[in-house]
file input.cif (mmCIF, C-alpha atoms and all ligand atoms)
data_target
loop_
_atom_site.label_atom_id
_atom_site.label_comp_id
_atom_site.auth_asym_id
_atom_site.auth_seq_id
_atom_site.Cartn_x
_atom_site.Cartn_y
_atom_site.Cartn_z
CA MET E 10 -44.17 -59.16 36.02
CA ASN E 11 -42.84 -62.00 33.86
CA SER E 12 -41.37 -65.10 35.50
CA PHE E 13 -37.63 -65.13 36.08
CA THR E 14 -34.76 -66.90 37.81
CA TYR E 15 -32.03 -64.63 39.12
CA SER E 16 -28.70 -65.30 40.76
CA PHE E 17 -25.55 -63.18 40.86
CA PRO E 18 -22.25 -64.94 41.54
CA VAL E 19 -19.70 -62.08 41.38
CA LYS E 20 -17.98 -60.90 44.57
CA VAL E 21 -17.44 -57.14 44.34
CA TYR E 22 -14.65 -55.28 46.15
CA PHE E 23 -15.40 -51.58 45.75
CA GLY E 24 -13.58 -48.41 46.76
CA GLU E 25 -10.13 -47.03 47.43
CA GLY E 26 -7.62 -49.73 48.32
CA ALA E 27 -9.93 -52.51 47.13
CA ALA E 28 -7.02 -54.48 45.64
CA GLN E 29 -5.24 -54.57 49.01
CA ARG E 30 -8.41 -55.91 50.61
CA ALA E 31 -9.23 -58.37 47.86
CA LEU E 32 -6.10 -59.97 46.51
CA PRO E 33 -4.56 -61.48 49.68
CA VAL E 34 -7.88 -63.19 50.40
CA GLU E 35 -8.78 -64.25 46.87
CA LEU E 36 -5.32 -65.33 45.74
CA ALA E 37 -5.05 -67.67 48.72
CA LYS E 38 -7.85 -69.72 47.11
CA VAL E 39 -6.05 -70.36 43.80
CA GLY E 40 -2.93 -72.14 42.52
CA LYS E 41 0.55 -70.73 42.11
CA LYS E 42 0.61 -69.58 38.47
CA VAL E 43 -1.32 -66.41 37.70
CA MET E 44 -1.75 -64.98 34.21
CA LEU E 45 -1.58 -61.18 34.43
CA ALA E 46 -3.33 -59.90 31.29
CA TYR E 47 -3.50 -56.26 30.23
CA GLY E 48 -3.66 -53.86 27.30
CA PHE E 49 -1.14 -51.56 25.69
CA GLY E 50 0.58 -50.21 28.74
CA SER E 51 -1.67 -47.64 30.43
CA ILE E 52 -1.29 -49.70 33.62
CA LYS E 53 2.48 -49.23 33.51
CA LYS E 54 2.10 -45.43 33.41
CA ASN E 55 -0.47 -45.01 36.18
CA GLY E 56 1.03 -47.27 38.84
CA VAL E 57 -1.61 -50.02 38.64
CA TYR E 58 0.91 -52.56 37.26
CA GLU E 59 3.29 -51.96 40.18
CA GLU E 60 0.52 -52.20 42.74
CA ILE E 61 -0.91 -55.43 41.36
CA THR E 62 2.39 -57.21 40.67
CA GLY E 63 3.47 -56.24 44.20
CA LEU E 64 0.38 -57.90 45.65
CA LEU E 65 0.85 -60.98 43.44
CA LYS E 66 4.44 -61.39 44.57
CA ALA E 67 3.51 -60.85 48.20
CA ALA E 68 1.01 -63.69 47.81
CA GLY E 69 3.84 -65.92 46.52
CA LYS E 70 2.49 -66.17 42.97
CA GLU E 71 4.43 -66.88 39.81
CA ILE E 72 3.35 -64.35 37.14
CA VAL E 73 2.76 -65.25 33.48
CA GLU E 74 2.33 -61.95 31.63
CA PHE E 75 -0.06 -61.59 28.69
CA PRO E 76 0.11 -57.97 27.47
CA GLY E 77 -1.07 -56.28 24.26
CA ILE E 78 -4.82 -56.91 24.40
CA MET E 79 -6.19 -54.39 21.93
CA PRO E 80 -9.39 -52.28 22.16
CA ASN E 81 -12.13 -54.36 20.46
CA PRO E 82 -10.26 -57.58 21.20
CA THR E 83 -10.02 -60.24 18.53
CA TYR E 84 -10.82 -63.89 18.88
CA ALA E 85 -7.30 -64.64 17.60
CA LYS E 86 -5.85 -62.73 20.56
CA ALA E 87 -8.03 -64.69 22.99
CA LEU E 88 -6.90 -67.97 21.43
CA GLU E 89 -3.27 -66.83 21.78
CA GLY E 90 -3.89 -66.18 25.48
CA ALA E 91 -5.63 -69.53 25.96
CA ALA E 92 -2.73 -71.35 24.28
CA LEU E 93 -0.24 -69.59 26.55
CA ALA E 94 -2.33 -70.40 29.62
CA LYS E 95 -2.41 -74.08 28.65
CA LYS E 96 1.31 -74.22 27.82
CA GLU E 97 2.29 -72.57 31.11
CA GLY E 98 -0.22 -74.48 33.22
CA VAL E 99 -1.81 -71.25 34.48
CA ASP E 100 -4.08 -71.67 37.52
CA PHE E 101 -5.80 -68.30 37.52
CA VAL E 102 -6.41 -65.39 35.11
CA LEU E 103 -6.27 -61.82 36.39
CA ALA E 104 -7.54 -59.22 33.89
CA VAL E 105 -6.32 -55.66 34.48
CA GLY E 106 -7.89 -53.07 32.18
CA GLY E 107 -11.09 -51.87 30.54
CA GLY E 108 -13.88 -53.83 28.87
CA SER E 109 -11.61 -55.08 26.10
CA VAL E 110 -9.09 -56.71 28.43
CA LEU E 111 -11.88 -58.13 30.58
CA ASP E 112 -13.72 -59.66 27.62
CA CYS E 113 -10.57 -61.18 26.18
CA CYS E 114 -9.72 -62.71 29.56
CA LYS E 115 -13.16 -64.23 30.01
CA VAL E 116 -12.67 -66.10 26.75
CA ILE E 117 -9.09 -67.06 27.67
CA ALA E 118 -10.29 -68.51 30.98
CA ALA E 119 -13.06 -70.46 29.26
CA GLN E 120 -11.05 -71.64 26.26
CA ALA E 121 -8.01 -72.67 28.30
CA GLY E 122 -10.15 -75.25 30.11
CA MET E 123 -11.68 -76.89 27.06
CA GLU E 124 -10.71 -78.54 23.77
CA GLU E 125 -13.74 -77.46 21.68
CA ASP E 126 -13.53 -74.06 19.99
CA ILE E 127 -15.82 -71.82 22.08
CA TRP E 128 -16.80 -69.67 19.07
CA ASP E 129 -17.90 -72.68 17.00
CA LEU E 130 -20.19 -73.85 19.77
CA GLY E 131 -22.41 -70.80 19.24
CA ASN E 132 -24.79 -69.53 21.89
CA GLU E 133 -26.86 -72.72 21.97
CA GLY E 134 -23.82 -74.96 22.38
CA GLN E 135 -22.44 -72.71 25.09
CA LYS E 136 -25.47 -73.32 27.29
CA ALA E 137 -24.23 -76.86 27.75
CA LEU E 138 -20.69 -75.83 28.70
CA ASP E 139 -19.24 -77.24 31.87
CA HIS E 140 -18.10 -74.05 33.64
CA SER E 141 -16.24 -76.06 36.24
CA ARG E 142 -13.62 -76.74 33.54
CA PHE E 143 -12.93 -73.03 33.02
CA LEU E 144 -9.97 -71.44 34.74
CA PRO E 145 -11.02 -69.22 37.63
CA ALA E 146 -10.63 -65.50 36.85
CA GLY E 147 -10.82 -62.11 38.50
CA CYS E 148 -10.43 -58.53 37.32
CA VAL E 149 -9.09 -55.12 38.24
CA LEU E 150 -11.15 -52.56 36.33
CA THR E 151 -9.28 -49.50 34.98
CA ALA E 152 -11.82 -48.16 32.43
CA PHE E 153 -15.53 -48.58 33.05
CA GLY E 154 -18.76 -48.42 31.10
CA THR E 155 -19.20 -51.79 29.42
CA GLY E 156 -20.34 -53.61 32.55
CA ALA E 157 -18.10 -56.52 31.50
CA GLU E 158 -16.98 -56.69 35.12
CA MET E 159 -20.44 -57.83 36.18
CA ASN E 160 -21.95 -59.94 33.40
CA ASN E 161 -21.07 -63.22 31.74
CA GLY E 162 -20.81 -61.82 28.22
CA ALA E 163 -17.55 -61.33 26.36
CA VAL E 164 -17.73 -59.27 23.18
CA ILE E 165 -15.10 -60.49 20.76
CA THR E 166 -14.36 -59.70 17.12
CA ASN E 167 -13.88 -62.65 14.84
CA GLU E 168 -11.83 -60.92 12.15
CA GLU E 169 -11.96 -63.84 9.75
CA LYS E 170 -15.76 -64.04 9.82
CA LYS E 171 -16.23 -60.24 10.20
CA ILE E 172 -18.52 -60.72 13.18
CA LYS E 173 -18.38 -58.99 16.55
CA ASP E 174 -20.45 -61.06 18.91
CA ASP E 175 -21.15 -61.96 22.49
CA VAL E 176 -19.51 -65.16 23.60
CA PHE E 177 -21.29 -66.18 26.77
CA SER E 178 -18.50 -67.54 28.88
CA ALA E 179 -18.49 -67.13 32.64
CA PHE E 180 -18.64 -64.51 35.33
CA PHE E 181 -15.52 -63.33 37.10
CA ASP E 182 -15.15 -64.87 40.54
CA PHE E 183 -14.34 -61.45 41.98
CA VAL E 184 -13.93 -57.90 40.68
CA ILE E 185 -11.89 -55.01 42.04
CA LEU E 186 -13.49 -51.60 41.42
CA ASP E 187 -11.21 -48.88 42.76
CA PRO E 188 -12.09 -45.43 41.37
CA LYS E 189 -8.44 -44.39 41.72
CA HIS E 190 -7.48 -47.02 39.12
CA THR E 191 -9.62 -45.15 36.58
CA MET E 192 -8.46 -41.58 37.25
CA SER E 193 -5.86 -41.63 34.46
CA THR E 194 -8.49 -42.58 31.86
CA PRO E 195 -8.77 -39.74 29.30
CA LEU E 196 -11.94 -37.65 29.77
CA LYS E 197 -13.22 -38.66 26.33
CA GLN E 198 -12.99 -42.34 27.31
CA VAL E 199 -14.84 -41.57 30.55
CA MET E 200 -17.67 -40.00 28.52
CA THR E 201 -17.53 -42.82 25.97
CA GLY E 202 -17.78 -45.51 28.62
CA SER E 203 -20.50 -43.67 30.52
CA PHE E 204 -22.56 -43.28 27.36
CA ASP E 205 -22.21 -47.03 26.85
CA THR E 206 -23.65 -47.52 30.34
CA LEU E 207 -26.53 -45.17 29.54
CA SER E 208 -27.12 -47.18 26.38
CA HIS E 209 -27.24 -50.45 28.39
CA CYS E 210 -29.89 -48.87 30.61
CA LEU E 211 -31.91 -47.64 27.63
CA GLU E 212 -31.66 -50.93 25.75
CA SER E 213 -32.87 -52.81 28.83
CA TYR E 214 -35.67 -50.28 29.40
CA MET E 215 -37.01 -50.24 25.82
CA GLY E 216 -37.91 -53.94 25.81
CA GLU E 217 -41.09 -55.56 27.12
CA PRO E 218 -43.18 -55.21 29.23
CA ARG E 219 -43.63 -51.54 28.43
CA TYR E 220 -45.85 -50.62 31.37
CA VAL E 221 -44.27 -49.12 34.51
CA ASN E 222 -42.60 -51.78 36.68
CA LEU E 223 -40.06 -51.96 39.51
CA THR E 224 -37.24 -53.05 37.21
CA ASP E 225 -37.68 -49.96 35.02
CA GLU E 226 -38.10 -47.60 37.96
CA MET E 227 -34.73 -48.72 39.37
CA ASN E 228 -33.28 -48.29 35.90
CA GLU E 229 -34.66 -44.73 35.69
CA ALA E 230 -32.81 -43.86 38.91
CA CYS E 231 -29.59 -45.18 37.41
CA MET E 232 -30.08 -43.20 34.18
CA ARG E 233 -30.65 -39.98 36.14
CA ASN E 234 -27.48 -40.70 38.08
CA ILE E 235 -25.44 -41.34 34.92
CA ILE E 236 -26.55 -38.10 33.27
CA ARG E 237 -25.96 -36.04 36.42
CA SER E 238 -22.57 -37.66 37.04
CA MET E 239 -21.39 -37.21 33.44
CA ARG E 240 -22.22 -33.51 33.64
CA ALA E 241 -20.49 -33.22 37.02
CA THR E 242 -17.41 -35.02 35.66
CA LEU E 243 -17.14 -32.52 32.82
CA LYS E 244 -17.01 -29.75 35.44
CA ASP E 245 -14.57 -31.58 37.70
CA PRO E 246 -12.92 -34.66 36.17
CA GLU E 247 -10.91 -35.26 39.37
CA ASP E 248 -13.93 -35.72 41.64
CA LEU E 249 -13.48 -39.21 43.09
CA PHE E 250 -16.99 -39.45 44.53
CA ILE E 251 -18.62 -38.72 41.18
CA ARG E 252 -16.26 -41.18 39.50
CA SER E 253 -17.33 -43.86 41.99
CA GLU E 254 -20.96 -43.23 41.06
CA LEU E 255 -20.23 -43.73 37.35
CA ILE E 256 -18.32 -46.94 38.05
CA TRP E 257 -21.20 -48.33 40.08
CA ASP E 258 -23.67 -47.24 37.36
CA SER E 259 -21.59 -49.23 34.88
CA GLY E 260 -21.72 -52.31 37.07
CA MET E 261 -25.37 -51.99 38.09
CA ALA E 262 -26.52 -51.72 34.48
CA GLU E 263 -25.07 -55.15 33.77
CA THR E 264 -25.87 -57.10 36.95
CA GLY E 265 -29.01 -58.24 35.17
CA VAL E 266 -31.19 -56.39 37.69
CA PHE E 267 -32.47 -54.00 35.01
CA LYS E 268 -33.37 -56.96 32.82
CA ILE E 269 -35.38 -58.83 35.44
CA GLY E 270 -38.72 -59.92 34.02
CA LYS E 271 -38.00 -58.14 30.73
CA LYS E 272 -37.44 -58.98 27.09
CA THR E 273 -34.74 -56.45 26.25
CA ASP E 274 -34.11 -54.38 23.12
CA PHE E 275 -30.35 -54.10 22.30
CA GLN E 276 -30.95 -53.41 18.58
CA ALA E 277 -28.63 -50.36 18.66
CA HIS E 278 -25.95 -52.57 20.22
CA MET E 279 -26.29 -55.25 17.56
CA LEU E 280 -25.91 -52.64 14.82
CA GLU E 281 -22.93 -51.01 16.53
CA HIS E 282 -21.18 -54.33 17.06
CA GLN E 283 -21.26 -55.02 13.31
CA LEU E 284 -20.11 -51.44 12.67
CA GLY E 285 -17.20 -52.29 14.99
CA ALA E 286 -16.51 -55.56 13.18
CA TYR E 287 -16.11 -53.65 9.90
CA THR E 288 -14.42 -50.46 11.13
CA ASP E 289 -12.84 -51.19 14.57
CA CYS E 290 -14.47 -47.99 15.86
CA SER E 291 -14.97 -47.14 19.54
CA HIS E 292 -18.05 -48.97 20.86
CA GLY E 293 -19.45 -46.18 23.06
CA GLN E 294 -18.87 -43.56 20.36
CA GLY E 295 -20.53 -45.72 17.73
CA LEU E 296 -23.56 -45.93 20.02
CA ALA E 297 -23.54 -42.15 20.52
CA VAL E 298 -23.99 -41.69 16.76
CA ILE E 299 -26.52 -44.51 16.26
CA HIS E 300 -28.90 -43.98 19.19
CA PRO E 301 -30.48 -40.62 18.24
CA VAL E 302 -30.92 -41.68 14.61
CA MET E 303 -32.37 -45.09 15.46
CA TYR E 304 -34.65 -43.62 18.13
CA GLN E 305 -36.01 -41.11 15.61
CA HIS E 306 -37.06 -44.12 13.51
CA MET E 307 -38.97 -45.72 16.41
CA VAL E 308 -40.46 -42.60 17.99
CA LYS E 309 -44.06 -43.77 17.28
CA GLU E 310 -43.71 -47.37 18.46
CA ALA E 311 -41.82 -46.31 21.60
CA GLU E 312 -43.97 -43.26 22.28
CA VAL E 313 -45.12 -44.27 25.78
CA GLN E 314 -41.63 -45.12 27.03
CA PHE E 315 -39.92 -42.17 25.33
CA ALA E 316 -42.49 -39.74 26.77
CA ARG E 317 -41.96 -41.16 30.27
CA LEU E 318 -38.17 -40.95 29.89
CA ALA E 319 -38.45 -37.32 28.79
CA GLU E 320 -40.31 -36.51 31.98
CA VAL E 321 -38.75 -38.67 34.70
CA VAL E 322 -35.15 -38.92 33.44
CA TRP E 323 -34.59 -35.75 31.40
CA GLY E 324 -36.87 -33.49 33.42
CA VAL E 325 -38.95 -32.19 30.49
CA ASP E 326 -42.15 -30.55 31.76
CA PRO E 327 -45.16 -32.35 30.21
CA ALA E 328 -47.46 -29.33 30.74
CA GLY E 329 -48.83 -28.19 27.38
CA ARG E 330 -47.18 -31.05 25.47
CA THR E 331 -48.88 -34.05 23.88
CA ARG E 332 -47.43 -37.52 24.47
CA ALA E 333 -46.02 -37.52 20.92
CA GLN E 334 -44.32 -34.19 21.61
CA MET E 335 -42.83 -35.56 24.83
CA ALA E 336 -41.52 -38.62 22.95
CA GLN E 337 -39.91 -36.33 20.37
CA ALA E 338 -38.46 -34.21 23.19
CA PHE E 339 -36.70 -37.32 24.52
CA VAL E 340 -35.10 -38.06 21.13
CA ASP E 341 -33.99 -34.41 20.89
CA GLN E 342 -32.55 -34.58 24.44
CA ILE E 343 -30.44 -37.64 23.60
CA ALA E 344 -29.07 -35.97 20.45
CA ALA E 345 -28.26 -32.75 22.35
CA PHE E 346 -26.65 -34.68 25.21
CA VAL E 347 -24.25 -36.46 22.84
CA LYS E 348 -23.02 -33.05 21.69
CA GLU E 349 -22.96 -31.63 25.22
CA VAL E 350 -20.59 -34.38 26.46
CA GLY E 351 -18.28 -34.07 23.46
CA LEU E 352 -19.08 -37.34 21.72
CA PRO E 353 -19.43 -37.67 17.94
CA SER E 354 -22.82 -37.21 16.26
CA THR E 355 -21.83 -38.54 12.83
CA PHE E 356 -19.71 -41.37 11.48
CA ARG E 357 -17.52 -38.75 9.83
CA GLU E 358 -16.71 -37.22 13.24
CA LEU E 359 -16.04 -40.73 14.50
CA GLY E 360 -13.46 -41.18 11.74
CA ILE E 361 -15.28 -43.91 9.83
CA PRO E 362 -14.10 -44.08 6.20
CA GLU E 363 -16.49 -42.92 3.45
CA ASP E 364 -16.23 -46.21 1.57
CA THR E 365 -17.42 -48.36 4.49
CA ASP E 366 -19.64 -51.22 3.33
CA TYR E 367 -22.82 -50.22 5.17
CA ARG E 368 -24.89 -52.75 3.22
CA ALA E 369 -22.72 -55.60 4.54
CA ILE E 370 -22.95 -54.19 8.08
CA ALA E 371 -26.76 -54.01 7.95
CA ASP E 372 -27.03 -57.44 6.35
CA SER E 373 -24.93 -59.08 9.05
CA THR E 374 -26.68 -57.38 12.01
CA LEU E 375 -28.74 -59.53 14.33
CA LEU E 376 -32.41 -58.44 14.51
CA THR E 377 -33.59 -58.44 18.11
CA GLY E 378 -37.00 -59.44 19.44
CA GLY E 379 -37.51 -56.83 22.16
CA CYS E 380 -37.13 -53.63 20.12
CA PRO E 381 -40.43 -51.68 19.99
CA ARG E 382 -40.03 -51.29 16.21
CA LYS E 383 -39.37 -54.40 14.19
CA PHE E 384 -36.56 -53.17 11.97
CA ASP E 385 -35.63 -55.02 8.82
CA ARG E 386 -32.14 -54.90 7.36
CA GLU E 387 -33.13 -52.37 4.69
CA GLU E 388 -34.18 -49.89 7.39
CA LEU E 389 -30.98 -50.56 9.36
CA TYR E 390 -29.08 -49.74 6.18
CA GLN E 391 -31.00 -46.45 5.89
CA ILE E 392 -30.17 -45.67 9.53
CA LEU E 393 -26.48 -46.25 8.85
CA LEU E 394 -26.63 -43.91 5.85
CA GLU E 395 -28.32 -41.24 7.99
CA CYS E 396 -25.55 -41.60 10.58
CA ARG E 397 -22.81 -40.60 8.10
O1 LIG E 401 -4.67 -50.72 26.29
P1 LIG E 401 -4.46 -49.71 27.34
O2 LIG E 401 -3.10 -49.12 27.31
O3 LIG E 401 -4.85 -50.20 28.72
O4 LIG E 401 -5.44 -48.45 26.99
C1 LIG E 401 -6.87 -48.51 27.08
C2 LIG E 401 -7.54 -48.42 25.72
O5 LIG E 401 -6.74 -47.78 24.77
C3 LIG E 401 -7.33 -47.24 27.76
N1 LIG E 401 -7.36 -47.32 29.22
C4 LIG E 401 -7.98 -48.25 29.99
N2 LIG E 401 -7.83 -47.94 31.29
C5 LIG E 401 -7.08 -46.80 31.34
C6 LIG E 401 -6.78 -46.42 30.02
N3 LIG E 401 -6.03 -45.33 29.73
C7 LIG E 401 -5.57 -44.61 30.77
N4 LIG E 401 -5.83 -44.92 32.06
C8 LIG E 401 -6.59 -46.00 32.38
N5 LIG E 401 -6.89 -46.27 33.67
O6 LIG E 401 -8.67 -47.06 27.28
C9 LIG E 401 -8.74 -47.51 25.94
C10 LIG E 401 -10.05 -48.21 25.71
O7 LIG E 401 -10.14 -49.37 26.51
P2 LIG E 401 -11.27 -50.46 26.22
O8 LIG E 401 -11.11 -51.55 27.22
O9 LIG E 401 -11.27 -50.85 24.78
O10 LIG E 401 -12.61 -49.63 26.48
P3 LIG E 401 -14.01 -50.09 26.99
O11 LIG E 401 -13.98 -50.34 28.46
O12 LIG E 401 -14.97 -49.08 26.49
O13 LIG E 401 -14.27 -51.51 26.27
C11 LIG E 401 -14.80 -51.59 24.97
C12 LIG E 401 -15.03 -53.05 24.57
O14 LIG E 401 -16.03 -53.70 25.40
C13 LIG E 401 -17.07 -54.25 24.55
C14 LIG E 401 -17.06 -53.31 23.37
O15 LIG E 401 -17.73 -53.82 22.26
C15 LIG E 401 -15.56 -53.12 23.14
O16 LIG E 401 -15.03 -54.23 22.45
N6 LIG E 401 -18.32 -54.41 25.30
C16 LIG E 401 -18.38 -55.39 26.22
C17 LIG E 401 -19.56 -55.72 26.85
C18 LIG E 401 -19.66 -56.86 27.77
N7 LIG E 401 -18.64 -57.65 28.00
O17 LIG E 401 -20.71 -57.11 28.31
C19 LIG E 401 -20.81 -54.98 26.62
C20 LIG E 401 -20.63 -53.71 25.86
O18 LIG E 401 -21.85 -53.40 25.27
C21 LIG E 401 -19.53 -53.73 24.85
O19 LIG E 401 -19.95 -54.34 23.66
ZN ZN E 402 -22.34 -51.47 25.21
#
call {"tool": "encode", "arguments": {"input": "input.cif", "output": "structure tokens"}}
result
Amino acid sequence: MNSFTYSFPVKVYFGEGAAQRALPVELAKVGKKVMLAYGFGSIKKNGVYEEITGLLKAAGKEIVEFPGIMPNPTYAKALEGAALAKKEGVDFVLAVGGGSVLDCCKVIAAQAGMEEDIWDLGNEGQKALDHSRFLPAGCVLTAFGTGAEMNNGAVITNEEKKIKDDVFSAFFDFVILDPKHTMSTPLKQVMTGSFDTLSHCLESYMGEPRYVNLTDEMNEACMRNIIRSMRATLKDPEDLFIRSELIWDSGMAETGVFKIGKKTDFQAHMLEHQLGAYTDCSHGQGLAVIHPVMYQHMVKEAEVQFARLAEVVWGVDPAGRTRAQMAQAFVDQIAAFVKEVGLPSTFRELGIPEDTDYRAIADSTLLTGGCPRKFDREELYQILLECR
């Protein structure tokens, strides 16, 4: 195994009633003014807003509301939130929503505590950031899949620069994962988010080293669980136990545990993020289209890992099949699964306009080091064309 340093600073409150357990304890540690940030109102329809504001008031907090965080949040929106937090002298940021709200709030909490523009610092500059200057932050997750609740990444779209990128800010101090908070999420979003989680597992798995190791074997268990739980959710979307499993899959995939000792892939993610920057499409659905096409392109280079995935995750019987045939079976399984769970298989189904500038998307995509096949931008462009 490669050398690594691992620490995980997020306190997780999981299960029904987690907010009642968490907030009285956690809010007692922070100042009086709390920014309550959320999206376009789903929390007002499903009772989450009432529950959380009730707990904030009971803790004696003054609430500064920051609503209207859009899916695929923009850097401009995060700056607006940071400016409000500074103006109001906010002591603590509470994000209530899905990955988009969480990401936006991570940047708000970081930017509100500093004068430099966090985007301009770039990933290198951010390594030197003094996290103690950031506002403390917590979250109540209402739509899962991105793993934003567990990691220190915040994926933000800079509309001006046409770049959707990870801004490495800080971890949440605590997260509230109550499956009941997610039950009003539309089934398609549940599948979309869960596919994103599966993608995080695959992108971690496909990196190096490629020989069997503990990190990957834990990851395989998670992938089996995701696939089984997605299928079970399609049969019974109201099953709270299965929902809990998917939420924990989402978190586990981004605790960093599946990346321990690994150089990860994430080439499909980099391509999808630029697709998102140009089209504002759904992240998980963009991945659903890209993965099977991209994996077909790397079926030779990733043969060993694909063949193993076919057997241990997708249950394909290796008897009578060569390793190359097993690898191809895995790619076919992924493509079939996307259809089975009702996600789009083409950009057309995803609603991406015909005149999208795929050349610009490919040209602005980051090329990753851990992908088994070393793609160049011309091949990424071809992949995008095949996705149409
Ligand atoms: O705005 P509201 O009204 O809340 O509606 C949201 C939104 O329209 C709705 N929703 C959320 N919870 C709900 C609900 N509707 C009914 N009931 C509920 N309980 O769901 C819609 C989508 O929400 P969004 O937060 O955009 O979805 P998701 O969690 O998939 O987040 C996607 C964003 O996360 C980024 C993606 O790129 C994208 O911008 N990612 C973040 C990552 C990270 N921080 O590490 C990693 C990922 O790879 C990903 O890039
Ligand atoms: Zn993702």
call {"tool": "residues_around", "arguments": {"input": "input.cif", "residues": "Ile165 of chain E", "least_positions_apart": "2", "cutoff": "12 Å", "atoms": "only C-alpha atoms", "output": "count of residues only"}}
result
44
call {"tool": "residues_near_point", "arguments": {"input": "input.cif", "point": "(-9.1, -62.8, 38.4)", "cutoff": "9 Å", "atoms": "only C-alpha atoms", "output": "list in words"}}
result
Glu35, Leu36, Val43, Met44, Leu45, Phe101, Val102, Leu103, Ala104, Val105, Cys114, Pro145, Ala146, Gly147, Cys148, Val149, Phe181, Asp182, Phe183 and Val184 of chain E
call {"tool": "closest_residue", "arguments": {"input": "input.cif", "among": "E:His278, E:Lys95, E:Lys66, E:Arg237", "to": "ligand LIG 401 (chain E)", "atoms": "only C-alpha atoms and all ligand atoms"}}
result
E:His278
call {"tool": "atom_distance", "arguments": {"input": "input.cif", "atom1": "atom CA of Met159 of chain E", "atom2": "atom CA of Phe75 of chain E"}}
result
22.0 Å
call {"tool": "residues_near_point", "arguments": {"input": "input.cif", "point": "(-17.1, -44.7, 41.3)", "cutoff": "10 Å", "atoms": "all atoms listed in the file", "output": "PDB file with C-alpha atoms, in the frame of the given file"}}
result
ATOM      1  CA  PHE E  23     -15.400 -51.580  45.750  1.00  0.00           C
ATOM      2  CA  GLY E  24     -13.580 -48.410  46.760  1.00  0.00           C
ATOM      3  CA  GLU E  25     -10.130 -47.030  47.430  1.00  0.00           C
ATOM      4  CA  PHE E 153     -15.530 -48.580  33.050  1.00  0.00           C
ATOM      5  CA  LEU E 186     -13.490 -51.600  41.420  1.00  0.00           C
ATOM      6  CA  ASP E 187     -11.210 -48.880  42.760  1.00  0.00           C
ATOM      7  CA  PRO E 188     -12.090 -45.430  41.370  1.00  0.00           C
ATOM      8  CA  LYS E 189      -8.440 -44.390  41.720  1.00  0.00           C
ATOM      9  CA  THR E 191      -9.620 -45.150  36.580  1.00  0.00           C
ATOM     10  CA  SER E 238     -22.570 -37.660  37.040  1.00  0.00           C
ATOM     11  CA  ASP E 248     -13.930 -35.720  41.640  1.00  0.00           C
ATOM     12  CA  LEU E 249     -13.480 -39.210  43.090  1.00  0.00           C
ATOM     13  CA  PHE E 250     -16.990 -39.450  44.530  1.00  0.00           C
ATOM     14  CA  ILE E 251     -18.620 -38.720  41.180  1.00  0.00           C
ATOM     15  CA  ARG E 252     -16.260 -41.180  39.500  1.00  0.00           C
ATOM     16  CA  SER E 253     -17.330 -43.860  41.990  1.00  0.00           C
ATOM     17  CA  GLU E 254     -20.960 -43.230  41.060  1.00  0.00           C
ATOM     18  CA  LEU E 255     -20.230 -43.730  37.350  1.00  0.00           C
ATOM     19  CA  ILE E 256     -18.320 -46.940  38.050  1.00  0.00           C
ATOM     20  CA  TRP E 257     -21.200 -48.330  40.080  1.00  0.00           C
ATOM     21  CA  ASP E 258     -23.670 -47.240  37.360  1.00  0.00           C
ATOM     22  CA  SER E 259     -21.590 -49.230  34.880  1.00  0.00           C
ATOM     23  CA  GLY E 260     -21.720 -52.310  37.070  1.00  0.00           C
TER      24      GLY E 260
END
call {"tool": "residues_near_ligand", "arguments": {"input": "input.cif", "ligand": "ligand ZN 402 (chain E)", "cutoff": "7 Å", "atoms": "only C-alpha atoms and all ligand atoms", "output": "list in words"}}
result
Thr155, Asp205, Thr206, Ser208, His209, His278, His292 and Gly293 of chain E
call {"tool": "atom_distance", "arguments": {"input": "input.cif", "atom1": "atom CA of Val73 of chain E", "atom2": "atom CA of Gln198 of chain E"}}
result
28.5 Å
call {"tool": "residues_around", "arguments": {"input": "input.cif", "residues": "Glu59 of chain E", "least_positions_apart": "6", "cutoff": "12 Å", "atoms": "all atoms listed in the file", "output": "PyMOL selection string"}}
result
chain E and resi 28+45+50-53+65-67+105+190
call {"tool": "write_last_selection", "arguments": {"input": "input.cif", "atoms": "C-alpha atoms", "output": "JSON list (two decimals), keeping the file's coordinate frame"}}
result
[["chain", "number", "residue", "atom", "x", "y", "z"],
["E", 28, "ALA", "CA", -7.02, -54.48, 45.64],
["E", 45, "LEU", "CA", -1.58, -61.18, 34.43],
["E", 50, "GLY", "CA", 0.58, -50.21, 28.74],
["E", 51, "SER", "CA", -1.67, -47.64, 30.43],
["E", 52, "ILE", "CA", -1.29, -49.70, 33.62],
["E", 53, "LYS", "CA", 2.48, -49.23, 33.51],
["E", 65, "LEU", "CA", 0.85, -60.98, 43.44],
["E", 66, "LYS", "CA", 4.44, -61.39, 44.57],
["E", 67, "ALA", "CA", 3.51, -60.85, 48.20],
["E", 105, "VAL", "CA", -6.32, -55.66, 34.48],
["E", 190, "HIS", "CA", -7.48, -47.02, 39.12]]
call {"tool": "closest_residue", "arguments": {"input": "input.cif", "among": "E:Met192, E:Cys380, E:Ala119, E:Met232", "to": "ligand LIG 401 (chain E)", "atoms": "all atoms listed in the file"}}
result
E:Met192
call {"tool": "closest_residue", "arguments": {"input": "input.cif", "among": "E:Glu74, E:Glu263, E:Asp274, E:Glu97", "to": "ligand LIG 401 (chain E)", "atoms": "only C-alpha atoms and all ligand atoms"}}
result
E:Glu263
call {"tool": "atom_distance", "arguments": {"input": "input.cif", "atom1": "atom CA of Leu223 of chain E", "atom2": "atom CA of Lys383 of chain E"}}
result
25.4 Å
